[in-house]
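Dumped input_15.cif below, it's mmCIF, C-alpha atoms:
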```cif
data_run
loop_
_atom_site.label_atom_id
_atom_site.label_comp_id
_atom_site.auth_asym_id
_atom_site.auth_seq_id
_atom_site.Cartn_x
_atom_site.Cartn_y
_atom_site.Cartn_z
CA MET F 3 63.68 -16.57 -15.43
CA SER F 4 61.45 -18.76 -13.30
CA GLN F 5 57.81 -17.88 -12.88
CA ALA F 6 55.67 -18.23 -9.80
CA ARG F 7 52.60 -20.34 -10.46
CA ILE F 8 49.55 -18.19 -9.88
CA PRO F 9 46.11 -19.78 -9.74
CA SER F 10 44.24 -18.74 -12.87
CA VAL F 11 40.58 -17.93 -13.28
CA GLY F 12 38.72 -20.23 -15.67
CA PRO F 13 38.38 -19.07 -19.30
CA ALA F 14 34.57 -19.23 -19.16
CA ARG F 15 34.47 -16.88 -16.18
CA ILE F 16 36.86 -14.45 -17.86
CA VAL F 17 34.78 -14.46 -21.03
CA ARG F 18 31.62 -13.89 -18.99
CA ARG F 19 33.16 -10.89 -17.26
CA GLY F 20 34.31 -9.48 -20.57
CA LEU F 21 30.89 -9.88 -22.15
CA ILE F 22 29.22 -8.14 -19.22
CA MET F 23 31.60 -5.17 -19.49
CA SER F 24 31.14 -5.08 -23.27
CA VAL F 25 27.36 -5.02 -23.01
CA VAL F 26 27.52 -2.25 -20.40
CA GLY F 27 29.89 -0.36 -22.71
CA LEU F 28 27.51 -0.70 -25.67
CA VAL F 29 24.59 0.54 -23.58
CA GLY F 30 26.81 3.40 -22.43
CA LEU F 31 27.64 4.18 -26.06
CA ALA F 32 23.94 4.58 -26.84
CA ALA F 33 23.61 6.86 -23.80
CA VAL F 34 26.57 8.94 -25.03
CA TYR F 35 24.81 9.70 -28.28
CA VAL F 36 21.57 10.56 -26.54
CA LEU F 37 23.66 12.99 -24.48
CA ALA F 38 25.54 14.29 -27.53
CA LEU F 39 22.49 14.81 -29.73
CA GLY F 40 19.99 15.93 -27.15
CA TYR F 41 21.87 17.76 -24.41
CA THR F 42 25.16 18.98 -25.89
CA PRO F 43 25.11 22.28 -27.83
CA VAL F 44 25.71 22.36 -31.56
CA GLU F 45 29.13 23.72 -32.50
CA ALA F 46 28.79 27.16 -34.09
CA ARG F 47 31.01 26.63 -37.17
CA GLN F 48 30.74 22.91 -37.87
CA GLY F 49 27.10 22.32 -37.04
CA LEU F 50 25.78 18.80 -36.55
CA ALA F 51 28.85 17.27 -38.25
CA GLN F 52 30.81 18.04 -35.09
CA LYS F 53 28.77 15.40 -33.22
CA ILE F 54 31.04 12.74 -34.81
CA PHE F 55 33.68 14.17 -32.45
CA TYR F 56 32.15 12.17 -29.58
CA LEU F 57 32.74 8.94 -31.49
CA HIS F 58 35.93 9.75 -33.39
CA VAL F 59 38.04 11.08 -30.51
CA PRO F 60 37.20 8.34 -27.94
CA SER F 61 37.80 5.63 -30.56
CA ALA F 62 41.20 7.21 -31.31
CA TRP F 63 41.95 7.30 -27.58
CA SER F 64 41.00 3.62 -27.22
CA ALA F 65 43.06 2.57 -30.25
CA LEU F 66 46.18 4.38 -29.06
CA LEU F 67 45.65 3.08 -25.52
CA ALA F 68 45.37 -0.46 -26.89
CA PHE F 69 48.54 -0.17 -28.98
CA SER F 70 50.46 1.41 -26.10
CA LEU F 71 49.50 -1.48 -23.83
CA VAL F 72 50.55 -3.94 -26.55
CA GLY F 73 54.01 -2.39 -26.49
CA ILE F 74 54.25 -2.39 -22.69
CA ALA F 75 53.08 -6.00 -22.44
CA SER F 76 55.48 -6.98 -25.24
CA ALA F 77 58.45 -5.39 -23.48
CA LEU F 78 57.52 -7.16 -20.25
CA TYR F 79 57.17 -10.44 -22.13
CA LEU F 80 60.72 -10.19 -23.50
CA TRP F 81 61.89 -9.73 -19.91
CA LEU F 82 59.67 -12.18 -18.01
CA HIS F 83 58.69 -14.70 -20.73
CA ASP F 84 55.22 -14.93 -19.21
CA GLN F 85 52.74 -16.33 -21.71
CA ARG F 86 49.93 -14.30 -20.18
CA LEU F 87 51.63 -11.09 -21.29
CA ASP F 88 51.84 -12.31 -24.88
CA ARG F 89 48.21 -13.41 -24.74
CA PHE F 90 47.14 -9.99 -23.47
CA ALA F 91 49.24 -8.20 -26.11
CA ALA F 92 47.56 -10.20 -28.88
CA ALA F 93 44.09 -9.47 -27.49
CA SER F 94 44.82 -5.76 -27.11
CA ALA F 95 46.20 -5.59 -30.66
CA GLU F 96 43.03 -7.12 -32.10
CA VAL F 97 40.80 -4.71 -30.19
CA GLY F 98 43.07 -1.79 -31.09
CA VAL F 99 42.75 -2.61 -34.80
CA ALA F 100 38.95 -2.64 -34.43
CA PHE F 101 38.96 0.78 -32.74
CA SER F 102 41.40 2.07 -35.36
CA LEU F 103 38.95 1.05 -38.06
CA VAL F 104 36.25 3.11 -36.31
CA MET F 105 38.67 6.03 -36.02
CA LEU F 106 39.75 5.87 -39.68
CA THR F 107 36.13 5.58 -40.83
CA THR F 108 34.60 8.36 -38.75
CA GLY F 109 37.50 10.74 -39.45
CA PRO F 110 36.84 11.08 -43.22
CA ILE F 111 33.07 11.28 -42.63
CA TRP F 112 33.72 14.26 -40.35
CA ALA F 113 36.42 15.73 -42.60
CA LYS F 114 34.36 15.88 -45.80
CA PRO F 115 31.89 18.62 -44.74
CA ILE F 116 34.50 20.51 -42.69
CA TRP F 117 37.71 20.28 -44.75
CA GLY F 118 36.07 19.65 -48.11
CA THR F 119 37.95 16.39 -48.64
CA TRP F 120 37.68 12.83 -47.39
CA TRP F 121 41.42 12.43 -46.87
CA THR F 122 44.65 14.37 -46.95
CA TRP F 123 48.16 13.08 -46.43
CA ASP F 124 49.00 15.27 -43.47
CA ALA F 125 51.35 14.02 -40.76
CA ARG F 126 48.80 12.79 -38.22
CA LEU F 127 46.61 11.00 -40.75
CA THR F 128 49.59 9.36 -42.43
CA LEU F 129 51.15 8.22 -39.17
CA THR F 130 47.82 6.88 -37.93
CA LEU F 131 47.26 4.92 -41.13
CA PHE F 132 50.81 3.56 -40.91
CA LEU F 133 50.19 2.45 -37.33
CA PHE F 134 46.99 0.70 -38.41
CA PHE F 135 48.80 -1.22 -41.14
CA LEU F 136 51.67 -2.02 -38.78
CA PHE F 137 49.27 -3.78 -36.41
CA ILE F 138 47.51 -5.50 -39.31
CA GLY F 139 51.00 -6.87 -40.01
CA TYR F 140 51.34 -7.77 -36.33
CA LEU F 141 48.20 -9.90 -36.51
CA ALA F 142 49.30 -11.45 -39.81
CA LEU F 143 52.64 -12.34 -38.23
CA ARG F 144 50.90 -14.07 -35.34
CA ALA F 145 48.79 -16.06 -37.77
CA ALA F 146 51.79 -17.07 -39.88
CA VAL F 147 54.18 -18.27 -37.13
CA HIS F 148 53.02 -21.47 -35.43
CA ASP F 149 55.79 -21.98 -32.90
CA ARG F 150 54.46 -20.32 -29.75
CA ALA F 151 57.80 -19.00 -28.43
CA GLU F 152 58.93 -17.61 -31.78
CA ARG F 153 55.52 -16.09 -32.43
CA ALA F 154 55.53 -14.32 -29.07
CA ARG F 155 59.10 -13.08 -29.49
CA PHE F 156 58.71 -11.76 -33.05
CA SER F 157 55.34 -10.19 -32.25
CA ALA F 158 56.77 -8.48 -29.18
CA VAL F 159 59.33 -6.65 -31.30
CA VAL F 160 56.64 -5.37 -33.68
CA GLY F 161 54.41 -4.40 -30.73
CA ILE F 162 57.18 -2.33 -29.16
CA LEU F 163 57.84 -0.54 -32.46
CA GLY F 164 54.15 0.28 -32.73
CA MET F 165 54.08 1.69 -29.21
CA LEU F 166 57.01 3.99 -30.04
CA LEU F 167 54.94 5.52 -32.83
CA VAL F 168 52.06 6.54 -30.54
CA PRO F 169 53.67 9.68 -28.99
CA PHE F 170 54.69 10.92 -32.45
CA ILE F 171 51.05 10.75 -33.54
CA HIS F 172 50.04 12.91 -30.58
CA LEU F 173 52.88 15.40 -31.14
CA SER F 174 52.58 15.50 -34.95
CA VAL F 175 50.32 18.58 -34.85
CA TYR F 176 53.10 20.46 -33.06
CA LEU F 177 55.93 19.14 -35.24
CA PHE F 178 54.31 19.53 -38.68
CA ARG F 179 51.77 21.70 -40.45
CA THR F 180 48.56 19.66 -40.54
CA LEU F 181 44.85 20.16 -41.03
CA HIS F 182 44.26 18.61 -37.64
CA PRO F 183 43.82 21.17 -34.87
CA GLN F 184 46.14 21.11 -31.90
CA PRO F 185 44.91 19.19 -28.82
CA ILE F 186 42.02 20.83 -27.01
CA VAL F 187 42.00 18.52 -23.96
CA LEU F 188 45.37 16.79 -23.55
CA LYS F 189 47.55 19.89 -23.41
CA PRO F 190 49.54 21.79 -20.75
CA SER F 191 46.85 24.44 -20.25
CA GLU F 192 43.22 23.82 -19.35
CA PRO F 193 40.88 22.26 -21.97
CA SER F 194 39.48 24.57 -24.64
CA LEU F 195 36.04 22.94 -24.84
CA PRO F 196 32.90 24.45 -23.32
CA PRO F 197 31.91 22.58 -20.13
CA GLU F 198 28.93 20.81 -21.76
CA MET F 199 31.06 19.46 -24.62
CA LEU F 200 33.88 18.50 -22.28
CA ARG F 201 31.47 16.58 -20.06
CA THR F 202 30.09 14.62 -23.00
CA LEU F 203 33.59 13.89 -24.27
CA LEU F 204 34.73 12.64 -20.86
CA VAL F 205 31.66 10.40 -20.56
CA ALA F 206 32.32 9.02 -24.05
CA THR F 207 35.97 8.38 -23.19
CA VAL F 208 35.01 6.45 -20.05
CA VAL F 209 32.48 4.42 -22.04
CA PHE F 210 34.99 3.58 -24.77
CA THR F 211 37.59 2.63 -22.17
CA LEU F 212 35.09 0.28 -20.55
CA LEU F 213 34.27 -1.17 -23.97
CA TYR F 214 37.98 -1.68 -24.61
CA LEU F 215 38.38 -3.49 -21.29
CA GLY F 216 35.35 -5.68 -21.99
CA LEU F 217 36.49 -6.65 -25.48
CA VAL F 218 40.08 -7.34 -24.37
CA THR F 219 38.89 -9.43 -21.43
CA THR F 220 36.60 -11.45 -23.70
CA ARG F 221 39.34 -12.01 -26.27
CA TYR F 222 41.84 -12.94 -23.57
CA GLY F 223 39.46 -15.52 -22.15
CA LEU F 224 38.86 -17.03 -25.59
CA ALA F 225 42.61 -17.19 -26.22
CA LEU F 226 43.10 -18.86 -22.85
CA ALA F 227 40.51 -21.47 -23.77
CA ASP F 228 42.21 -22.07 -27.13
CA ASP F 229 45.58 -22.53 -25.42
CA ALA F 230 44.07 -24.99 -22.95
CA ARG F 231 42.58 -27.06 -25.80
CA GLU F 232 45.89 -26.97 -27.68
CA GLU F 233 47.82 -28.14 -24.62
CA ALA F 234 45.30 -30.92 -24.03
CA HIS F 235 45.62 -32.01 -27.65
CA ASP F 236 49.42 -32.01 -27.47
CA SER F 237 49.46 -34.01 -24.25
CA ALA F 238 47.04 -36.54 -25.75
#
```
For the structure just supplied, provide its representation as structure tokens.
Amino acid sequence: MSQARIPSVGPARIVRRGLIMSVVGLVGLAAVYVLALGYTPVEARQGLAQKIFYLHVPSAWSALLAFSLVGIASALYLWLHDQRLDRFAAASAEVGVAFSLVMLTTGPIWAKPIWGTWWTWDARLTLTLFLFFLFIGYLALRAAVHDRAERARFSAVVGILGMLLVPFIHLSVYLFRTLHPQPIVLKPSEPSLPPEMLRTLLVATVVFTLLYLGLVTTRYGLALADDAREEAHDSA
């Protein structure tokens, strides 16, 4: 399929935009924890340990958002064969793995005082860990295959498979008996959180989404610069 040639923004400008958004996101993250520790009430049963909620849940949201967008971009790449889609999918996968690491680190820290164990092989935890390793494999595949077209095509298949796993992670608490509680925000009825906690969670989610956008934009710009250098080297 032929592609229309669209004027592209320079890699340096893209990286600059991404860095600005990332810095704003990091400042916002500090503000979230000032809000969480100073102005959000302490949960009656879990105490101060529940404050990890405002880091764990938004990082999980950002990771699953990143992996979902990898799958969508991958499917579009197989249809349109637009290199920009493959470049975005790779950037989103890298950022998603980073957010997954935050999610898988903060989860056990929160679980130990509440559940009495660092880890349990319930459905949601197992599926999340499997998704993390699947995208570690995705990145390893991209590093191992040097032909650009083959790398994009093979990676797209893995990215789509990863995206298909995302809804099962969300629904796992309905389908299986798990230690994880059922959703308290993303559910058919109204959220179950008190207004102060819900406000802090929504602010944290916006901040993490901005941080995701900043990191992906930065990584995309760096990948664009690498591709430009590679093309210049090949033409020389």
## Note on the structure
From the list F:Arg89, F:Arg19, F:Arg201, F:Lys53, the nearest residue to F:Arg153 using all atoms listed in the file is F:Arg89
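Evaluated against this file, the PyMOL selection byres ((chain F and resi 41) around 12) yields Ala33, Val34, Tyr35, Val36, Leu37, Ala38, Leu39, Gly40, Thr42, Pro43, Val44, Lys53, Pro197, Glu198, Met199, Arg201 and Thr202 of chain F.
Evaluating the PyMOL selection byres ((chain F and resi 14) around 12) against the shown model yields Ser10, Val11, Gly12, Pro13, Arg15, Ile16, Val17, Arg18, Arg19, Gly20, Leu21, Thr219, Thr220, Arg221, Tyr222, Gly223, Leu224, Ala225, Leu226, Ala227, Asp228 and Ala230 of chain F.
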### Query
Exactly which residues make up the result of the PyMOL selection byres ((chain F and resi 72-74) around 12) on this file, given as a PyMOL selection string?
chain F and resi 65-71+75-81+87-99+137+140-141+154+157-168+218
### Task
For atom CA of F:Lys114 and atom CA of F:Val205, determine how far apart the two atoms are, in Å to one decimal place.
26.0 Å
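With only C-alpha atoms as the atoms that count, the residue of F:Val59, F:Arg150, F:His83, F:Thr130 with the shortest distance to F:Val208 is F:Val59.
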### Message
Nearest residue to F:Ala51 out of F:Ala113, F:Ile22, F:Leu133, F:Leu173, using all atoms listed in the file?
### Response
F:Ala113
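Going from atom CA of F:Gly27 over to atom CA of F:Met105, you cover 17.2 Å.
We find atom CA of F:Thr107 and atom CA of F:Ser61 to be spaced 10.4 Å apart.
Using all atoms listed in the file, the smallest distance between any of F:Ile116, F:Leu31, F:Val147, F:Leu82 and F:Arg47 comes from F:Ile116.
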Return as AutoDock Vina command-line options the box centre and box size in Å, one decimal, for an axis-aligned box around all listed atoms of stretch 33-43 of chain F padded by 5 Å per side.
```
--center_x 23.3 --center_y 14.6 --center_z -26.8 --size_x 16.6 --size_y 25.4 --size_z 15.9
```
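In this comparison, which uses all atoms listed in the file, the residue of F:Val29, F:Ile54, F:Leu136, F:Ala46 approaching F:Pro196 most closely is F:Ala46.
Among the candidates F:Val25, F:Phe134, F:Phe55, F:Thr122, the residue lying nearest to F:Leu200 is F:Phe55 (atoms considered: all atoms listed in the file).
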